[in-house]
Amino acid sequence: PENLVDFYDLLKRAEKEAIKIKNLSRIDRYLRVVKELHSFYIINHLWNTKWITFINYINNKNILITLDALANTFSSQNPQVLLPKELIENLESEFNLLLNQVLESDLPDKLKKYLIFRLEDIIGELNKYCIDTTAKLETATKSVVGDLVIKEITLTKEDKQNKVYKKFKAWYFTLAVSLTTPNAYDIIGTVPDIYDFWIPTF
């Protein structure tokens, strides 16, 4: 029940993604199943209904078969890089460590606030990765990479050479590359070299 808002959001997004599917015979039947599932959870309030009610509905209506078919079709039509759970946990740990380093750094307040805001945003996306997968994480990462290109013009040479700032930059560029390159899973091992190799290329 404490994840109820996320759950309803997930159901709504499932409907939107199902609508985007192309060339699936009798798509209207599949869409009806998803909408009826959503309605069933609204009509039968989670606080007052026994879980067996939902389990029986899902089993009797063969909901999982329908969802599997939709998921597989959507996935084949909209391929994306999926990062392993262990890697996501490691990234979350590394970005939290970086956040603490930024908080304790001697960077100017304005730059520090920007870095903190961006780090909290990416940590939030990593927390929700099992639900949102790569799309939102990629958007958040690329947004920062784009910002940095413009923001660096206003930074002093000292700030650009600050170890914490360079580490922040390296992590975001590495993550951006990894999210668009299916085999680039060794994100953590790549970070030490990213500043010298990838950033000039970008």
# chains A, B, ... in the order shown; residues from 1 in each chain; ligands from 1
call {"tool": "residues_around", "arguments": {"residues": "A:Lys142", "least_positions_apart": "4", "cutoff": "10 Å", "atoms": "only C-alpha atoms", "output": "mmCIF file with N, CA and C atoms, in the first residue's frame"}}
result
data_model
loop_
_atom_site.group_PDB
_atom_site.id
_atom_site.type_symbol
_atom_site.label_atom_id
_atom_site.label_comp_id
_atom_site.auth_asym_id
_atom_site.auth_seq_id
_atom_site.Cartn_x
_atom_site.Cartn_y
_atom_site.Cartn_z
ATOM 1 N N LYS A 136 14.019 7.534 -18.370
ATOM 2 C CA LYS A 136 14.136 8.738 -17.538
ATOM 3 C C LYS A 136 15.568 8.957 -17.064
ATOM 4 N N LEU A 137 16.278 7.868 -16.784
ATOM 5 C CA LEU A 137 17.677 7.972 -16.368
ATOM 6 C C LEU A 137 18.513 8.573 -17.503
ATOM 7 N N GLU A 138 18.239 8.132 -18.712
ATOM 8 C CA GLU A 138 18.969 8.647 -19.879
ATOM 9 C C GLU A 138 18.665 10.127 -20.096
ATOM 10 N N GLY A 146 24.429 18.098 -21.539
ATOM 11 C CA GLY A 146 24.161 19.285 -22.354
ATOM 12 C C GLY A 146 24.388 20.570 -21.577
ATOM 13 N N ASP A 147 23.946 20.582 -20.333
ATOM 14 C CA ASP A 147 24.132 21.754 -19.463
ATOM 15 C C ASP A 147 25.608 22.080 -19.265
ATOM 16 N N LEU A 148 26.407 21.039 -19.048
ATOM 17 C CA LEU A 148 27.824 21.243 -18.736
ATOM 18 C C LEU A 148 28.567 21.934 -19.874
ATOM 19 N N TYR A 172 29.017 11.664 -15.143
ATOM 20 C CA TYR A 172 27.883 11.916 -16.031
ATOM 21 C C TYR A 172 28.207 11.567 -17.480
ATOM 22 N N PHE A 173 29.407 11.897 -17.932
ATOM 23 C CA PHE A 173 29.773 11.540 -19.302
ATOM 24 C C PHE A 173 29.850 10.029 -19.469
ATOM 25 N N LEU A 175 28.195 7.728 -17.737
ATOM 26 C CA LEU A 175 26.835 7.190 -17.705
ATOM 27 C C LEU A 175 26.118 7.457 -19.023
ATOM 28 N N ALA A 176 26.322 8.650 -19.593
ATOM 29 C CA ALA A 176 25.694 8.986 -20.877
ATOM 30 C C ALA A 176 26.145 8.034 -21.972
ATOM 31 N N VAL A 177 27.436 7.737 -22.012
ATOM 32 C CA VAL A 177 27.975 6.809 -23.010
ATOM 33 C C VAL A 177 27.410 5.411 -22.788
ATOM 34 N N LEU A 179 24.659 4.385 -21.378
ATOM 35 C CA LEU A 179 23.229 4.228 -21.627
ATOM 36 C C LEU A 179 22.899 4.146 -23.109
#
call {"tool": "residues_around", "arguments": {"residues": "A:Asp159", "least_positions_apart": "6", "cutoff": "10 Å", "atoms": "only C-alpha atoms", "output": "ChimeraX atom specification"}}
result
/A:106-108,111,152,165-166
call {"tool": "closest_atom_pairs", "arguments": {"of": "stretch 105-143 of chain A", "to": "stretch 83-99 of chain A", "cutoff": "12 Å", "atoms": "only C-alpha atoms", "output": "JSON lines"}}
result
{"residue": "A:Ser105", "atom": "CA", "partner": "A:Leu99", "partner_atom": "CA", "distance": 9.8}
{"residue": "A:Lys112", "atom": "CA", "partner": "A:Leu99", "partner_atom": "CA", "distance": 9.8}
{"residue": "A:Lys113", "atom": "CA", "partner": "A:Leu99", "partner_atom": "CA", "distance": 10.7}
{"residue": "A:Tyr114", "atom": "CA", "partner": "A:Leu99", "partner_atom": "CA", "distance": 11.3}
{"residue": "A:Leu115", "atom": "CA", "partner": "A:Leu99", "partner_atom": "CA", "distance": 8.1}
{"residue": "A:Ile116", "atom": "CA", "partner": "A:Leu99", "partner_atom": "CA", "distance": 6.4}
{"residue": "A:Phe117", "atom": "CA", "partner": "A:Leu99", "partner_atom": "CA", "distance": 9.5}
{"residue": "A:Arg118", "atom": "CA", "partner": "A:Leu99", "partner_atom": "CA", "distance": 9.5}
{"residue": "A:Leu119", "atom": "CA", "partner": "A:Leu99", "partner_atom": "CA", "distance": 6.3}
{"residue": "A:Glu120", "atom": "CA", "partner": "A:Leu99", "partner_atom": "CA", "distance": 7.7}
{"residue": "A:Asp121", "atom": "CA", "partner": "A:Phe95", "partner_atom": "CA", "distance": 10.4}
{"residue": "A:Ile122", "atom": "CA", "partner": "A:Phe95", "partner_atom": "CA", "distance": 8.0}
{"residue": "A:Ile123", "atom": "CA", "partner": "A:Glu92", "partner_atom": "CA", "distance": 6.0}
{"residue": "A:Gly124", "atom": "CA", "partner": "A:Glu92", "partner_atom": "CA", "distance": 8.9}
{"residue": "A:Glu125", "atom": "CA", "partner": "A:Glu92", "partner_atom": "CA", "distance": 9.4}
{"residue": "A:Leu126", "atom": "CA", "partner": "A:Glu92", "partner_atom": "CA", "distance": 6.2}
{"residue": "A:Asn127", "atom": "CA", "partner": "A:Glu92", "partner_atom": "CA", "distance": 7.5}
{"residue": "A:Lys128", "atom": "CA", "partner": "A:Ile88", "partner_atom": "CA", "distance": 10.1}
{"residue": "A:Tyr129", "atom": "CA", "partner": "A:Ile88", "partner_atom": "CA", "distance": 7.7}
{"residue": "A:Cys130", "atom": "CA", "partner": "A:Lys85", "partner_atom": "CA", "distance": 8.2}
{"residue": "A:Ile131", "atom": "CA", "partner": "A:Lys85", "partner_atom": "CA", "distance": 11.9}
{"residue": "A:Asp132", "atom": "CA", "partner": "A:Leu83", "partner_atom": "CA", "distance": 11.9}
{"residue": "A:Thr133", "atom": "CA", "partner": "A:Leu83", "partner_atom": "CA", "distance": 8.2}
{"residue": "A:Thr134", "atom": "CA", "partner": "A:Leu83", "partner_atom": "CA", "distance": 7.8}
{"residue": "A:Ala135", "atom": "CA", "partner": "A:Leu83", "partner_atom": "CA", "distance": 11.6}
{"residue": "A:Leu137", "atom": "CA", "partner": "A:Leu83", "partner_atom": "CA", "distance": 10.8}
{"residue": "A:Glu138", "atom": "CA", "partner": "A:Leu83", "partner_atom": "CA", "distance": 11.5}
call {"tool": "write_last_selection", "arguments": {"atoms": "N, CA, C and O atoms", "output": "compact mmCIF listing (two decimals), in the first residue's frame"}}
result
# COMPACT_ATOMS: atom_id res chain seq x y z
N SER A 105 32.87 20.01 -0.34
CA SER A 105 33.87 20.65 -1.19
C SER A 105 33.92 22.17 -0.96
O SER A 105 33.06 22.75 -0.31
N LYS A 112 27.89 24.62 -6.40
CA LYS A 112 27.63 23.51 -5.48
C LYS A 112 26.14 23.17 -5.45
O LYS A 112 25.77 21.99 -5.51
N LYS A 113 25.27 24.18 -5.40
CA LYS A 113 23.82 23.96 -5.38
C LYS A 113 23.37 23.25 -6.67
O LYS A 113 22.52 22.37 -6.64
N TYR A 114 23.96 23.67 -7.79
CA TYR A 114 23.61 23.05 -9.07
C TYR A 114 23.99 21.57 -9.07
O TYR A 114 23.20 20.71 -9.45
N LEU A 115 25.22 21.27 -8.63
CA LEU A 115 25.69 19.89 -8.61
C LEU A 115 24.85 19.03 -7.66
O LEU A 115 24.51 17.90 -7.98
N ILE A 116 24.51 19.59 -6.51
CA ILE A 116 23.68 18.86 -5.53
C ILE A 116 22.31 18.54 -6.12
O ILE A 116 21.81 17.42 -6.02
N PHE A 117 21.69 19.54 -6.76
CA PHE A 117 20.37 19.35 -7.37
C PHE A 117 20.42 18.25 -8.42
O PHE A 117 19.56 17.36 -8.46
N ARG A 118 21.45 18.27 -9.26
CA ARG A 118 21.57 17.28 -10.31
C ARG A 118 21.87 15.88 -9.75
O ARG A 118 21.35 14.88 -10.25
N LEU A 119 22.70 15.81 -8.73
CA LEU A 119 23.01 14.52 -8.13
C LEU A 119 21.80 13.91 -7.44
O LEU A 119 21.54 12.71 -7.55
N GLU A 120 21.02 14.73 -6.74
CA GLU A 120 19.81 14.23 -6.09
C GLU A 120 18.82 13.73 -7.14
O GLU A 120 18.11 12.74 -6.93
N ASP A 121 18.78 14.41 -8.28
CA ASP A 121 17.89 14.00 -9.38
C ASP A 121 18.29 12.62 -9.92
O ASP A 121 17.45 11.74 -10.09
N ILE A 122 19.59 12.43 -10.17
CA ILE A 122 20.05 11.16 -10.74
C ILE A 122 19.91 10.03 -9.73
O ILE A 122 19.59 8.89 -10.07
N ILE A 123 20.14 10.32 -8.45
CA ILE A 123 19.98 9.31 -7.40
C ILE A 123 18.52 8.88 -7.31
O ILE A 123 18.21 7.69 -7.16
N GLY A 124 17.61 9.84 -7.47
CA GLY A 124 16.18 9.52 -7.48
C GLY A 124 15.82 8.61 -8.64
O GLY A 124 15.03 7.66 -8.49
N GLU A 125 16.39 8.88 -9.82
CA GLU A 125 16.12 8.05 -10.99
C GLU A 125 16.70 6.65 -10.83
O GLU A 125 16.10 5.66 -11.26
N LEU A 126 17.85 6.54 -10.19
CA LEU A 126 18.44 5.22 -9.93
C LEU A 126 17.58 4.43 -8.95
O LEU A 126 17.41 3.23 -9.09
N ASN A 127 16.99 5.13 -7.96
CA ASN A 127 16.09 4.49 -6.99
C ASN A 127 14.86 3.91 -7.68
O ASN A 127 14.32 2.88 -7.26
N LYS A 128 14.40 4.58 -8.73
CA LYS A 128 13.17 4.16 -9.42
C LYS A 128 13.47 3.37 -10.70
O LYS A 128 12.57 3.16 -11.51
N TYR A 129 14.72 2.95 -10.86
CA TYR A 129 15.11 2.30 -12.12
C TYR A 129 14.30 1.04 -12.40
O TYR A 129 13.98 0.74 -13.55
N CYS A 130 13.97 0.27 -11.36
CA CYS A 130 13.22 -0.98 -11.57
C CYS A 130 11.84 -0.71 -12.16
O CYS A 130 11.24 -1.58 -12.77
N ILE A 131 11.34 0.52 -11.98
CA ILE A 131 10.04 0.89 -12.54
C ILE A 131 10.21 1.65 -13.86
O ILE A 131 9.58 1.35 -14.86
N ASP A 132 11.09 2.64 -13.83
CA ASP A 132 11.22 3.53 -14.99
C ASP A 132 12.20 3.03 -16.05
O ASP A 132 12.22 3.53 -17.17
N THR A 133 13.04 2.07 -15.70
CA THR A 133 14.12 1.56 -16.55
C THR A 133 14.98 2.71 -17.09
O THR A 133 15.24 3.67 -16.38
N THR A 134 15.36 2.64 -18.35
CA THR A 134 16.43 3.51 -18.84
C THR A 134 15.97 4.89 -19.30
O THR A 134 16.73 5.85 -19.22
N ALA A 135 14.76 5.03 -19.77
CA ALA A 135 14.32 6.26 -20.43
C ALA A 135 14.54 7.52 -19.59
O ALA A 135 15.19 8.48 -20.04
N LEU A 137 16.28 7.87 -16.78
CA LEU A 137 17.68 7.97 -16.37
C LEU A 137 18.51 8.57 -17.50
O LEU A 137 19.36 9.43 -17.28
N GLU A 138 18.24 8.13 -18.71
CA GLU A 138 18.97 8.65 -19.88
C GLU A 138 18.67 10.13 -20.10
O GLU A 138 19.56 10.93 -20.36
